[in-house]
>>> print(open('data19.pdb').read())   # PDB, C-alpha atoms and all ligand atoms
ATOM      1  CA  MET A   1       0.000   0.000   0.000
ATOM      2  CA  PRO A   2       1.437   3.463  -0.848
ATOM      3  CA  LYS A   3       2.402   5.550   2.162
ATOM      4  CA  ALA A   4       0.369   8.631   3.114
ATOM      5  CA  PRO A   5       1.819  11.780   1.511
ATOM      6  CA  ILE A   6       4.011  13.970   3.722
ATOM      7  CA  ASN A   7       2.292  17.195   4.720
ATOM      8  CA  PRO A   8       4.986  19.934   4.368
ATOM      9  CA  GLN A   9       3.308  22.057   7.050
ATOM     10  CA  LYS A  10       2.920  19.287   9.600
ATOM     11  CA  ILE A  11       5.121  18.905  12.686
ATOM     12  CA  VAL A  12       4.893  16.204  15.340
ATOM     13  CA  VAL A  13       6.459  17.085  18.675
ATOM     14  CA  PHE A  14       7.184  13.966  20.729
ATOM     15  CA  THR A  15       7.875  14.771  24.380
ATOM     16  CA  GLY A  16       9.059  13.143  27.588
ATOM     17  CA  ALA A  17       9.645  14.134  31.183
ATOM     18  CA  GLY A  18      12.674  16.331  30.332
ATOM     19  CA  ILE A  19      10.431  18.988  28.801
ATOM     20  CA  SER A  20       8.720  19.512  32.155
ATOM     21  CA  ALA A  21      11.958  19.412  34.191
ATOM     22  CA  GLU A  22      12.406  23.185  33.981
ATOM     23  CA  SER A  23       8.836  23.553  35.266
ATOM     24  CA  GLY A  24      10.052  21.817  38.434
ATOM     25  CA  LEU A  25       8.676  18.320  37.762
ATOM     26  CA  LYS A  26      11.051  15.430  38.335
ATOM     27  CA  THR A  27      12.066  13.166  35.465
ATOM     28  CA  PHE A  28      12.125   9.385  35.961
ATOM     29  CA  ARG A  29      15.644   8.210  35.194
ATOM     30  CA  ASP A  30      17.932  11.173  35.838
ATOM     31  CA  SER A  31      19.911  11.087  39.091
ATOM     32  CA  ASN A  32      17.453  11.666  41.959
ATOM     33  CA  GLY A  33      14.660  10.925  39.447
ATOM     34  CA  LEU A  34      11.328   9.447  40.491
ATOM     35  CA  TRP A  35      12.300   5.815  39.879
ATOM     36  CA  GLU A  36      15.346   6.195  42.117
ATOM     37  CA  ASN A  37      13.145   7.081  45.083
ATOM     38  CA  TYR A  38      10.061   4.974  44.344
ATOM     39  CA  PRO A  39      10.469   1.436  42.959
ATOM     40  CA  VAL A  40       8.638   1.478  39.649
ATOM     41  CA  GLU A  41       7.263  -2.047  40.099
ATOM     42  CA  VAL A  42       5.688  -1.012  43.424
ATOM     43  CA  VAL A  43       4.076   2.311  42.479
ATOM     44  CA  ALA A  44       3.567   2.141  38.719
ATOM     45  CA  SER A  45       2.900  -1.411  37.588
ATOM     46  CA  ALA A  46      -0.215  -3.521  37.199
ATOM     47  CA  ASN A  47       1.209  -5.883  39.872
ATOM     48  CA  GLY A  48       1.924  -3.007  42.222
ATOM     49  CA  TRP A  49      -1.683  -1.873  41.900
ATOM     50  CA  ARG A  50      -2.930  -5.377  42.760
ATOM     51  CA  ASN A  51      -0.578  -5.689  45.750
ATOM     52  CA  ASN A  52      -0.862  -2.244  47.303
ATOM     53  CA  PRO A  53      -3.353   0.098  45.624
ATOM     54  CA  GLU A  54      -3.165   2.579  48.486
ATOM     55  CA  LEU A  55       0.529   3.208  47.896
ATOM     56  CA  VAL A  56      -0.092   3.647  44.158
ATOM     57  CA  LEU A  57      -2.868   6.148  44.852
ATOM     58  CA  ASP A  58      -0.601   8.070  47.268
ATOM     59  CA  PHE A  59       2.182   8.205  44.674
ATOM     60  CA  TYR A  60      -0.078   9.568  41.925
ATOM     61  CA  ASN A  61      -1.980  11.891  44.293
ATOM     62  CA  GLN A  62       1.362  13.581  44.989
ATOM     63  CA  ARG A  63       2.295  13.674  41.277
ATOM     64  CA  ARG A  64      -1.116  15.223  40.504
ATOM     65  CA  LEU A  65      -0.566  17.964  43.102
ATOM     66  CA  ASP A  66       2.964  18.670  41.859
ATOM     67  CA  ALA A  67       1.726  18.952  38.257
ATOM     68  CA  ALA A  68      -1.157  21.242  39.241
ATOM     69  CA  ASN A  69       1.294  23.543  41.035
ATOM     70  CA  ALA A  70       3.743  23.659  38.104
ATOM     71  CA  GLU A  71       3.584  26.140  35.221
ATOM     72  CA  PRO A  72       4.377  25.553  31.540
ATOM     73  CA  ASN A  73       7.906  26.675  30.652
ATOM     74  CA  LYS A  74       9.359  28.315  27.535
ATOM     75  CA  ALA A  75       9.532  24.997  25.697
ATOM     76  CA  HIS A  76       5.820  24.208  26.154
ATOM     77  CA  LEU A  77       4.940  27.794  25.190
ATOM     78  CA  ALA A  78       7.101  27.778  22.045
ATOM     79  CA  ILE A  79       5.492  24.536  20.843
ATOM     80  CA  ALA A  80       2.025  26.062  21.296
ATOM     81  CA  GLU A  81       3.125  29.124  19.274
ATOM     82  CA  LEU A  82       3.924  26.887  16.294
ATOM     83  CA  GLU A  83       0.175  26.547  15.699
ATOM     84  CA  LYS A  84       0.214  30.101  14.291
ATOM     85  CA  LYS A  85       1.781  28.748  11.090
ATOM     86  CA  PHE A  86       1.880  24.962  11.207
ATOM     87  CA  ASP A  87      -0.251  21.895  11.657
ATOM     88  CA  VAL A  88       1.043  20.717  15.061
ATOM     89  CA  VAL A  89       0.414  17.435  16.868
ATOM     90  CA  VAL A  90       2.006  16.870  20.278
ATOM     91  CA  ILE A  91       2.521  13.230  21.189
ATOM     92  CA  THR A  92       3.543  13.102  24.809
ATOM     93  CA  GLN A  93       4.596  10.402  27.238
ATOM     94  CA  ASN A  94       3.935  12.899  29.997
ATOM     95  CA  VAL A  95       0.957  12.667  32.286
ATOM     96  CA  ASP A  96       0.955  16.362  33.249
ATOM     97  CA  ASP A  97      -1.180  18.883  31.333
ATOM     98  CA  LEU A  98       1.496  21.528  30.755
ATOM     99  CA  HIS A  99       1.204  21.325  26.947
ATOM    100  CA  GLU A 100      -2.526  22.019  27.133
ATOM    101  CA  ARG A 101      -2.022  24.837  29.640
ATOM    102  CA  ALA A 102       0.604  26.379  27.343
ATOM    103  CA  GLY A 103      -2.042  26.495  24.598
ATOM    104  CA  SER A 104      -1.391  23.383  22.475
ATOM    105  CA  SER A 105      -4.712  22.227  21.060
ATOM    106  CA  ASN A 106      -3.863  18.767  19.749
ATOM    107  CA  VAL A 107      -2.154  16.684  22.439
ATOM    108  CA  ILE A 108      -2.066  12.887  22.471
ATOM    109  CA  HIS A 109      -1.232  11.378  25.869
ATOM    110  CA  LEU A 110       0.302   7.944  25.324
ATOM    111  CA  HIS A 111       0.673   7.185  29.037
ATOM    112  CA  GLY A 112      -2.538   8.704  30.383
ATOM    113  CA  LYS A 113      -3.372  11.836  32.333
ATOM    114  CA  LEU A 114      -2.931  12.699  35.988
ATOM    115  CA  ASN A 115      -6.037  14.873  36.084
ATOM    116  CA  GLN A 116      -8.321  11.945  35.293
ATOM    117  CA  ALA A 117      -9.553   8.915  37.237
ATOM    118  CA  ARG A 118     -10.695   5.722  35.601
ATOM    119  CA  SER A 119     -12.994   2.889  36.591
ATOM    120  CA  THR A 120     -11.340  -0.457  37.345
ATOM    121  CA  LYS A 121     -14.369  -2.239  35.846
ATOM    122  CA  ASP A 122     -14.935  -0.344  32.597
ATOM    123  CA  TYR A 123     -11.817   1.399  31.293
ATOM    124  CA  ASN A 124     -13.958   3.722  29.171
ATOM    125  CA  LEU A 125     -15.461   5.269  32.295
ATOM    126  CA  ILE A 126     -13.170   8.244  32.804
ATOM    127  CA  TYR A 127     -13.678  11.178  35.167
ATOM    128  CA  ASP A 128     -11.982  14.599  35.175
ATOM    129  CA  ILE A 129     -10.736  15.195  38.712
ATOM    130  CA  GLY A 130      -8.414  18.201  38.373
ATOM    131  CA  SER A 131      -5.921  18.182  41.245
ATOM    132  CA  ALA A 132      -8.126  16.233  43.687
ATOM    133  CA  PRO A 133      -6.765  13.033  45.265
ATOM    134  CA  ILE A 134      -8.255   9.593  44.606
ATOM    135  CA  GLN A 135      -8.985   7.753  47.852
ATOM    136  CA  MET A 136      -9.433   4.058  48.627
ATOM    137  CA  GLY A 137     -13.158   3.333  48.617
ATOM    138  CA  GLN A 138     -13.885   6.029  46.033
ATOM    139  CA  THR A 139     -15.849   4.301  43.291
ATOM    140  CA  CYS A 140     -17.096   4.774  39.724
ATOM    141  CA  ALA A 141     -20.753   4.657  38.584
ATOM    142  CA  LEU A 142     -20.420   0.832  38.479
ATOM    143  CA  LYS A 143     -19.309   0.775  42.140
ATOM    144  CA  SER A 144     -15.743  -0.334  41.513
ATOM    145  CA  GLN A 145     -12.633   1.348  42.891
ATOM    146  CA  LEU A 146     -11.297   4.346  40.945
ATOM    147  CA  ARG A 147      -7.675   4.326  39.823
ATOM    148  CA  PRO A 148      -5.523   6.974  38.137
ATOM    149  CA  ASN A 149      -5.954   7.159  34.350
ATOM    150  CA  ILE A 150      -2.287   6.296  33.981
ATOM    151  CA  VAL A 151      -0.763   3.515  31.898
ATOM    152  CA  PHE A 152       0.981   1.192  34.349
ATOM    153  CA  PHE A 153       3.964  -0.921  33.316
ATOM    154  CA  GLY A 154       2.490  -4.075  31.828
ATOM    155  CA  GLU A 155      -0.377  -2.159  30.156
ATOM    156  CA  MET A 156      -0.658  -0.914  26.573
ATOM    157  CA  PRO A 157      -0.170   2.805  25.859
ATOM    158  CA  HIS A 158      -3.184   4.732  24.570
ATOM    159  CA  PHE A 159      -3.724   6.060  21.003
ATOM    160  CA  LEU A 160      -0.695   4.303  19.425
ATOM    161  CA  ASP A 161      -2.306   3.961  15.989
ATOM    162  CA  GLU A 162      -3.385   7.585  15.940
ATOM    163  CA  ALA A 163       0.133   8.655  16.949
ATOM    164  CA  LYS A 164       1.699   6.505  14.224
ATOM    165  CA  HIS A 165      -0.595   7.993  11.601
ATOM    166  CA  HIS A 166       0.455  11.557  12.519
ATOM    167  CA  ILE A 167       4.175  10.736  12.479
ATOM    168  CA  LEU A 168       3.878   9.194   9.019
ATOM    169  CA  GLU A 169       2.459  12.459   7.652
ATOM    170  CA  ALA A 170       4.892  14.819   9.383
ATOM    171  CA  ALA A 171       7.472  16.878   7.492
ATOM    172  CA  CYS A 172       9.249  17.426  10.803
ATOM    173  CA  VAL A 173       9.506  15.339  13.959
ATOM    174  CA  LEU A 174      10.918  17.084  17.014
ATOM    175  CA  ALA A 175      11.586  14.800  19.987
ATOM    176  CA  VAL A 176      12.250  16.539  23.318
ATOM    177  CA  GLY A 177      13.337  15.431  26.799
ATOM    178  CA  SER A 178      13.033  11.676  26.604
ATOM    179  CA  SER A 179      15.553   8.929  27.347
ATOM    180  CA  LEU A 180      13.708   6.894  24.663
ATOM    181  CA  VAL A 181      13.986   3.676  26.642
ATOM    182  CA  VAL A 182      10.300   2.958  27.208
ATOM    183  CA  GLU A 183       8.579   0.849  24.569
ATOM    184  CA  PRO A 184       6.469   0.865  22.546
ATOM    185  CA  ALA A 185       6.391   4.685  22.811
ATOM    186  CA  ALA A 186      10.051   5.195  21.811
ATOM    187  CA  SER A 187       9.713   3.083  18.671
ATOM    188  CA  LEU A 188       7.098   5.450  17.280
ATOM    189  CA  LEU A 189      10.027   7.641  16.219
ATOM    190  CA  LYS A 190      11.139   4.911  13.806
ATOM    191  CA  LYS A 191       7.990   5.702  11.806
ATOM    192  CA  ALA A 192       9.302   9.182  10.939
ATOM    193  CA  ARG A 193       9.699   9.509   7.174
ATOM    194  CA  PHE A 194      13.144   9.379   5.548
ATOM    195  CA  HIS A 195      12.703  12.875   4.079
ATOM    196  CA  ALA A 196      11.285  14.429   7.271
ATOM    197  CA  SER A 197      13.462  16.774   9.359
ATOM    198  CA  LYS A 198      14.209  14.873  12.551
ATOM    199  CA  ILE A 199      15.623  16.522  15.660
ATOM    200  CA  LEU A 200      16.159  15.229  19.196
ATOM    201  CA  ILE A 201      16.668  17.767  21.990
ATOM    202  CA  THR A 202      17.672  16.205  25.285
ATOM    203  CA  LEU A 203      20.499  16.093  27.817
ATOM    204  CA  GLU A 204      21.360  12.375  27.882
ATOM    205  CA  VAL A 205      20.338   9.575  25.563
ATOM    206  CA  ASP A 206      21.896   6.134  24.999
ATOM    207  CA  LYS A 207      20.736   5.574  21.449
ATOM    208  CA  ILE A 208      19.791   8.206  18.879
ATOM    209  CA  PRO A 209      17.013   6.971  16.607
ATOM    210  CA  PHE A 210      17.925   6.562  12.928
ATOM    211  CA  GLY A 211      18.037   9.833  10.989
ATOM    212  CA  PHE A 212      17.635  12.088  14.057
ATOM    213  CA  LYS A 213      20.067  14.918  14.680
ATOM    214  CA  LEU A 214      20.917  15.250  18.392
ATOM    215  CA  GLN A 215      20.890  18.769  19.821
ATOM    216  CA  ARG A 216      22.158  18.280  23.351
ATOM    217  CA  GLY A 217      20.832  20.922  25.705
ATOM    218  CA  LYS A 218      17.994  22.192  27.814
ATOM    219  CA  ALA A 219      14.499  22.127  26.405
ATOM    220  CA  ALA A 220      13.562  25.629  27.576
ATOM    221  CA  GLU A 221      16.535  27.055  25.631
ATOM    222  CA  LEU A 222      16.709  24.937  22.486
ATOM    223  CA  VAL A 223      13.020  24.359  21.758
ATOM    224  CA  PRO A 224      12.209  28.103  21.472
ATOM    225  CA  TYR A 225      15.301  28.546  19.264
ATOM    226  CA  PHE A 226      14.084  25.999  16.697
ATOM    227  CA  CYS A 227      10.426  27.023  16.917
ATOM    228  CA  ASN A 228      11.278  30.691  16.343
ATOM    229  CA  ARG A 229      13.407  29.781  13.314
ATOM    230  CA  TRP A 230      10.612  27.738  11.772
ATOM    231  CA  LEU A 231       8.082  30.477  12.418
ATOM    232  CA  SER A 232      10.274  33.164  10.888
ATOM    233  CA  MET A 233      11.182  31.028   7.850
ATOM    234  CA  GLY A 234       7.626  29.709   7.449
ATOM    235  CA  LYS A 235       8.989  26.186   6.816
ATOM    236  CA  LEU A 236      10.108  23.159   8.784
ATOM    237  CA  THR A 237      13.800  22.298   8.285
ATOM    238  CA  ASN A 238      16.437  20.809  10.567
ATOM    239  CA  GLN A 239      19.044  23.425   9.621
TER
HETATM  240  P1  LIG B 301      13.185   9.821  31.518
HETATM  241  O1  LIG B 301      13.303  10.243  32.930
HETATM  242  O2  LIG B 301      13.471   8.409  31.190
HETATM  243  O3  LIG B 301      14.128  10.729  30.601
HETATM  244  C1  LIG B 301      14.157  12.103  30.729
HETATM  245  C2  LIG B 301      15.055  12.663  29.646
HETATM  246  O4  LIG B 301      14.998  14.082  29.697
HETATM  247  C3  LIG B 301      16.519  12.259  29.765
HETATM  248  O5  LIG B 301      17.016  11.972  28.463
HETATM  249  C4  LIG B 301      17.184  13.530  30.330
HETATM  250  O6  LIG B 301      18.548  13.655  29.908
HETATM  251  C5  LIG B 301      16.329  14.591  29.680
HETATM  252  N1  LIG B 301      16.291  15.887  30.386
HETATM  253  C6  LIG B 301      16.307  16.149  31.712
HETATM  254  N2  LIG B 301      16.214  17.464  31.945
HETATM  255  C7  LIG B 301      16.106  18.069  30.718
HETATM  256  C8  LIG B 301      15.978  19.407  30.266
HETATM  257  N3  LIG B 301      15.924  20.431  31.125
HETATM  258  N4  LIG B 301      15.898  19.631  28.931
HETATM  259  C9  LIG B 301      15.971  18.605  28.038
HETATM  260  N5  LIG B 301      16.091  17.324  28.411
HETATM  261  C10 LIG B 301      16.161  17.047  29.720
HETATM  262  O7  LIG B 301      11.704  10.242  31.041
HETATM  263  P2  LIG B 301      10.886   9.705  29.780
HETATM  264  O8  LIG B 301      11.748   9.401  28.631
HETATM  265  O9  LIG B 301       9.762  10.658  29.599
HETATM  266  O10 LIG B 301       6.074   6.049  31.829
HETATM  267  O11 LIG B 301      10.291   8.362  30.358
HETATM  268  C11 LIG B 301       9.399   7.630  29.582
HETATM  269  C12 LIG B 301       8.381   6.953  30.453
HETATM  270  O12 LIG B 301       9.050   6.266  31.517
HETATM  271  C13 LIG B 301       7.440   7.876  31.182
HETATM  272  O13 LIG B 301       6.346   8.285  30.381
HETATM  273  C14 LIG B 301       6.981   7.047  32.332
HETATM  274  C15 LIG B 301       8.305   6.455  32.742
HETATM  275  O14 LIG B 301       8.277   5.239  33.367
HETATM  276  C16 LIG B 301       5.065   5.600  32.580
HETATM  277  O15 LIG B 301       4.881   5.940  33.739
HETATM  278  C17 LIG B 301       4.185   4.625  31.871
END
>>> encode(input="data19.pdb", output="structure tokens", more="lines below")
Ligand code: OAD
Amino acid sequence: MPKAPINPQKIVVFTGAGISAESGLKTFRDSNGLWENYPVEVVASANGWRNNPELVLDFYNQRRLDAANAEPNKAHLAIAELEKKFDVVVITQNVDDLHERAGSSNVIHLHGKLNQARSTKDYNLIYDIGSAPIQMGQTCALKSQLRPNIVFFGEMPHFLDEAKHHILEAACVLAVGSSLVVEPAASLLKKARFHASKILITLEVDKIPFGFKLQRGKAAELVPYFCNRWLSMGKLTNQ
């Protein structure tokens, strides 16, 4: 089957925890990151939820509060500005809502959202909860315990097909602030087209995906630099 045509005005911005670091939110794998202080299998896995749901709720209640108290930084704001001239889709592994609060209108959350709770009986029953905690004993309309609308390890990310479709059409893929070690999210970048401009802005990464140009540095400095260039040129290049 022929591939979808590339849309010269379309940019996909793929983000990870590093883009929110300068908003004061901890990343996962940097030194003193979240997984250093909280064992991932205990607080963020399907098994952890079965064994000790209270601890999992506590962990995400704190994350939800931290995210609600954080503000979008210059990187989130610059990405939102791109909508003035380009067709922008943000595909994020992040569970905070800083892209939306910066003004981005098309954000796909692969790993869920902190500001939502979900039924443990019917996964389509989702509730907006803002910054409020989820407590043990708090139930959905079907009377089963509520859990965070977060993808635990051992569960499938959300909206993968939709994300893939957008990357295939993009003339530019900008990846920001991810260690690119979590699958299947990281492998989405392999779908970027050969002729697309492909840039990765991050501090540390073990493996640069094929065709991507690494720009090592802080998101709040480098993302506005590239976004401003594209806006002033009116086209998406990796130069
Ligand atoms: P990681 O913590 O694995 O990686 C964060 C990346 O951001 C690293 O490459 C850092 O070098 C970089 N970084 C840190 N500060 C930065 C800054 N100011 N500017 C630019 N880059 C910076 O976070 P993710 O790759 O997002 O999943 O992790 C992916 C997934 O693993 C998360 O979505 C989460 C986690 O387990 C789930 O909870 C399902």
>>> residues_around(input="data19.pdb", residues="Thr139 of chain A", least_positions_apart="6", cutoff="8 Å", atoms="only C-alpha atoms", output="count of residues only")
3
>>> closest_atom_pairs(input="data19.pdb", of="chain A", to="ligand LIG 301 (chain B)", cutoff="6 Å", atoms="all atoms listed in the file", output="CSV")
residue,atom,partner,partner_atom,distance
A:Gly16,CA,B:LIG301,O9,3.3
A:Ala17,CA,B:LIG301,O9,3.8
A:Gly18,CA,B:LIG301,O4,3.3
A:Ile19,CA,B:LIG301,N4,5.5
A:Ala21,CA,B:LIG301,N3,5.1
A:Glu22,CA,B:LIG301,N3,5.3
A:Thr27,CA,B:LIG301,O1,4.1
A:Phe28,CA,B:LIG301,O1,3.4
A:Arg29,CA,B:LIG301,O1,3.8
A:Asp30,CA,B:LIG301,O1,5.5
A:Gln93,CA,B:LIG301,O13,4.2
A:Asn94,CA,B:LIG301,O13,5.2
A:His111,CA,B:LIG301,C17,5.2
A:Val151,CA,B:LIG301,C17,5.1
A:Phe152,CA,B:LIG301,C17,5.3
A:Phe153,CA,B:LIG301,C17,5.7
A:Gly177,CA,B:LIG301,O4,3.6
A:Ser178,CA,B:LIG301,O8,3.3
A:Ser179,CA,B:LIG301,O5,3.6
A:Leu180,CA,B:LIG301,O8,5.1
A:Val182,CA,B:LIG301,C11,5.3
A:Thr202,CA,B:LIG301,N5,3.7
A:Leu203,CA,B:LIG301,O6,3.8
A:Glu204,CA,B:LIG301,O6,3.7
A:Val205,CA,B:LIG301,O5,5.0
A:Gly217,CA,B:LIG301,C9,5.9
A:Lys218,CA,B:LIG301,N4,3.5
A:Ala219,CA,B:LIG301,N4,3.8
>>> resolve_selection(input="data19.pdb", expression="the PyMOL selection byres (((chain A and resi 235) around 10) and not hetatm)", output="list in words")
Pro8, Gln9, Lys10, Lys85, Phe86, Ala171, Cys172, Arg229, Trp230, Leu231, Ser232, Met233, Gly234, Leu236, Thr237 and Asn238 of chain A
>>> atom_distance(input="data19.pdb", atom1="atom CA of Ser131 of chain A", atom2="atom CA of Leu98 of chain A")
13.3 Å
>>> resolve_selection(input="data19.pdb", expression="the PyMOL selection byres (((chain A and resi 192-199) around 7) and not hetatm)", output="list in words")
Ile167, Leu168, Ala170, Ala171, Cys172, Val173, Leu174, Ala175, Leu189, Lys190, Lys191, Leu200, Ile201, Gly211, Phe212, Lys213, Leu214, Thr237 and Asn238 of chain A
>>> resolve_selection(input="data19.pdb", expression="the PyMOL selection byres (((chain A and resi 44) around 9) and not hetatm)", output="list in words")
Pro39, Val40, Glu41, Val42, Val43, Ser45, Ala46, Asn47, Gly48, Trp49, Val56, Phe59, Tyr60, Ile150, Val151, Phe152 and Phe153 of chain A
>>> write_last_selection(input="data19.pdb", atoms="C-alpha atoms", output="short mmCIF file (atom, residue, chain, number, x, y, z; two decimals), in the coordinates of the input")
data_model
loop_
_atom_site.label_atom_id
_atom_site.label_comp_id
_atom_site.auth_asym_id
_atom_site.auth_seq_id
_atom_site.Cartn_x
_atom_site.Cartn_y
_atom_site.Cartn_z
CA PRO A 39 10.47 1.44 42.96
CA VAL A 40 8.64 1.48 39.65
CA GLU A 41 7.26 -2.05 40.10
CA VAL A 42 5.69 -1.01 43.42
CA VAL A 43 4.08 2.31 42.48
CA SER A 45 2.90 -1.41 37.59
CA ALA A 46 -0.22 -3.52 37.20
CA ASN A 47 1.21 -5.88 39.87
CA GLY A 48 1.92 -3.01 42.22
CA TRP A 49 -1.68 -1.87 41.90
CA VAL A 56 -0.09 3.65 44.16
CA PHE A 59 2.18 8.20 44.67
CA TYR A 60 -0.08 9.57 41.92
CA ILE A 150 -2.29 6.30 33.98
CA VAL A 151 -0.76 3.52 31.90
CA PHE A 152 0.98 1.19 34.35
CA PHE A 153 3.96 -0.92 33.32
#
>>> atom_distance(input="data19.pdb", atom1="atom CA of Pro133 of chain A", atom2="atom CA of Asn61 of chain A")
5.0 Å
>>> axis_aligned_box(input="data19.pdb", around="segment 181-192 of chain A", padding_each_side="6 Å", output="AutoDock Vina command-line options")
--center_x 10.2 --center_y 5.0 --center_z 19.1 --size_x 19.6 --size_y 20.3 --size_z 28.3
>>> closest_residue(input="data19.pdb", among="A:Ala220, A:Asp58, A:Ile79, A:His165", to="Lys3 of chain A", atoms="all atoms listed in the file")
A:His165
>>> build_atoms(input="data19.pdb", residues="segment 170-190 of chain A", atoms="N, CA and C atoms", output="PDB file, keeping the file's coordinate frame")
ATOM      1  N   ALA A 170       4.197  13.604   8.942  1.00  0.00           N
ATOM      2  CA  ALA A 170       4.892  14.819   9.383  1.00  0.00           C
ATOM      3  C   ALA A 170       6.124  15.144   8.546  1.00  0.00           C
ATOM      4  N   ALA A 171       6.268  16.416   8.195  1.00  0.00           N
ATOM      5  CA  ALA A 171       7.472  16.878   7.492  1.00  0.00           C
ATOM      6  C   ALA A 171       8.601  17.109   8.494  1.00  0.00           C
ATOM      7  N   CYS A 172       8.241  17.195   9.760  1.00  0.00           N
ATOM      8  CA  CYS A 172       9.249  17.426  10.803  1.00  0.00           C
ATOM      9  C   CYS A 172       8.823  16.693  12.069  1.00  0.00           C
ATOM     10  N   VAL A 173       9.774  15.978  12.664  1.00  0.00           N
ATOM     11  CA  VAL A 173       9.506  15.339  13.959  1.00  0.00           C
ATOM     12  C   VAL A 173      10.542  15.868  14.936  1.00  0.00           C
ATOM     13  N   LEU A 174      10.044  16.524  15.974  1.00  0.00           N
ATOM     14  CA  LEU A 174      10.918  17.084  17.014  1.00  0.00           C
ATOM     15  C   LEU A 174      10.676  16.286  18.289  1.00  0.00           C
ATOM     16  N   ALA A 175      11.711  15.555  18.734  1.00  0.00           N
ATOM     17  CA  ALA A 175      11.586  14.800  19.987  1.00  0.00           C
ATOM     18  C   ALA A 175      12.302  15.593  21.081  1.00  0.00           C
ATOM     19  N   VAL A 176      11.686  15.689  22.253  1.00  0.00           N
ATOM     20  CA  VAL A 176      12.250  16.539  23.318  1.00  0.00           C
ATOM     21  C   VAL A 176      12.181  15.847  24.683  1.00  0.00           C
ATOM     22  N   GLY A 177      13.335  15.796  25.376  1.00  0.00           N
ATOM     23  CA  GLY A 177      13.337  15.431  26.799  1.00  0.00           C
ATOM     24  C   GLY A 177      12.897  14.020  27.102  1.00  0.00           C
ATOM     25  N   SER A 178      13.351  13.078  26.286  1.00  0.00           N
ATOM     26  CA  SER A 178      13.033  11.676  26.604  1.00  0.00           C
ATOM     27  C   SER A 178      14.289  10.840  26.507  1.00  0.00           C
ATOM     28  N   SER A 179      14.421   9.860  27.421  1.00  0.00           N
ATOM     29  CA  SER A 179      15.553   8.929  27.347  1.00  0.00           C
ATOM     30  C   SER A 179      15.309   7.882  26.256  1.00  0.00           C
ATOM     31  N   LEU A 180      14.090   7.814  25.750  1.00  0.00           N
ATOM     32  CA  LEU A 180      13.708   6.894  24.663  1.00  0.00           C
ATOM     33  C   LEU A 180      13.981   5.434  25.008  1.00  0.00           C
ATOM     34  N   VAL A 181      13.765   5.074  26.258  1.00  0.00           N
ATOM     35  CA  VAL A 181      13.986   3.676  26.642  1.00  0.00           C
ATOM     36  C   VAL A 181      12.671   2.928  26.867  1.00  0.00           C
ATOM     37  N   VAL A 182      11.552   3.646  26.922  1.00  0.00           N
ATOM     38  CA  VAL A 182      10.300   2.958  27.208  1.00  0.00           C
ATOM     39  C   VAL A 182       9.555   2.624  25.916  1.00  0.00           C
ATOM     40  N   GLU A 183       9.291   1.341  25.757  1.00  0.00           N
ATOM     41  CA  GLU A 183       8.579   0.849  24.569  1.00  0.00           C
ATOM     42  C   GLU A 183       7.128   0.540  24.925  1.00  0.00           C
ATOM     43  N   PRO A 184       6.221   0.599  23.961  1.00  0.00           N
ATOM     44  CA  PRO A 184       6.469   0.865  22.546  1.00  0.00           C
ATOM     45  C   PRO A 184       6.534   2.341  22.170  1.00  0.00           C
ATOM     46  N   ALA A 185       6.419   3.256  23.148  1.00  0.00           N
ATOM     47  CA  ALA A 185       6.391   4.685  22.811  1.00  0.00           C
ATOM     48  C   ALA A 185       7.614   5.095  21.985  1.00  0.00           C
ATOM     49  N   ALA A 186       8.822   4.719  22.456  1.00  0.00           N
ATOM     50  CA  ALA A 186      10.051   5.195  21.811  1.00  0.00           C
ATOM     51  C   ALA A 186      10.119   4.767  20.345  1.00  0.00           C
ATOM     52  N   SER A 187       9.614   3.594  20.051  1.00  0.00           N
ATOM     53  CA  SER A 187       9.713   3.083  18.671  1.00  0.00           C
ATOM     54  C   SER A 187       8.827   3.826  17.694  1.00  0.00           C
ATOM     55  N   LEU A 188       7.901   4.635  18.194  1.00  0.00           N
ATOM     56  CA  LEU A 188       7.098   5.450  17.280  1.00  0.00           C
ATOM     57  C   LEU A 188       7.996   6.326  16.411  1.00  0.00           C
ATOM     58  N   LEU A 189       9.142   6.740  16.974  1.00  0.00           N
ATOM     59  CA  LEU A 189      10.027   7.641  16.219  1.00  0.00           C
ATOM     60  C   LEU A 189      10.590   6.964  14.968  1.00  0.00           C
ATOM     61  N   LYS A 190      10.639   5.636  14.991  1.00  0.00           N
ATOM     62  CA  LYS A 190      11.139   4.911  13.806  1.00  0.00           C
ATOM     63  C   LYS A 190      10.206   5.082  12.621  1.00  0.00           C
TER      64      LYS A 190
END
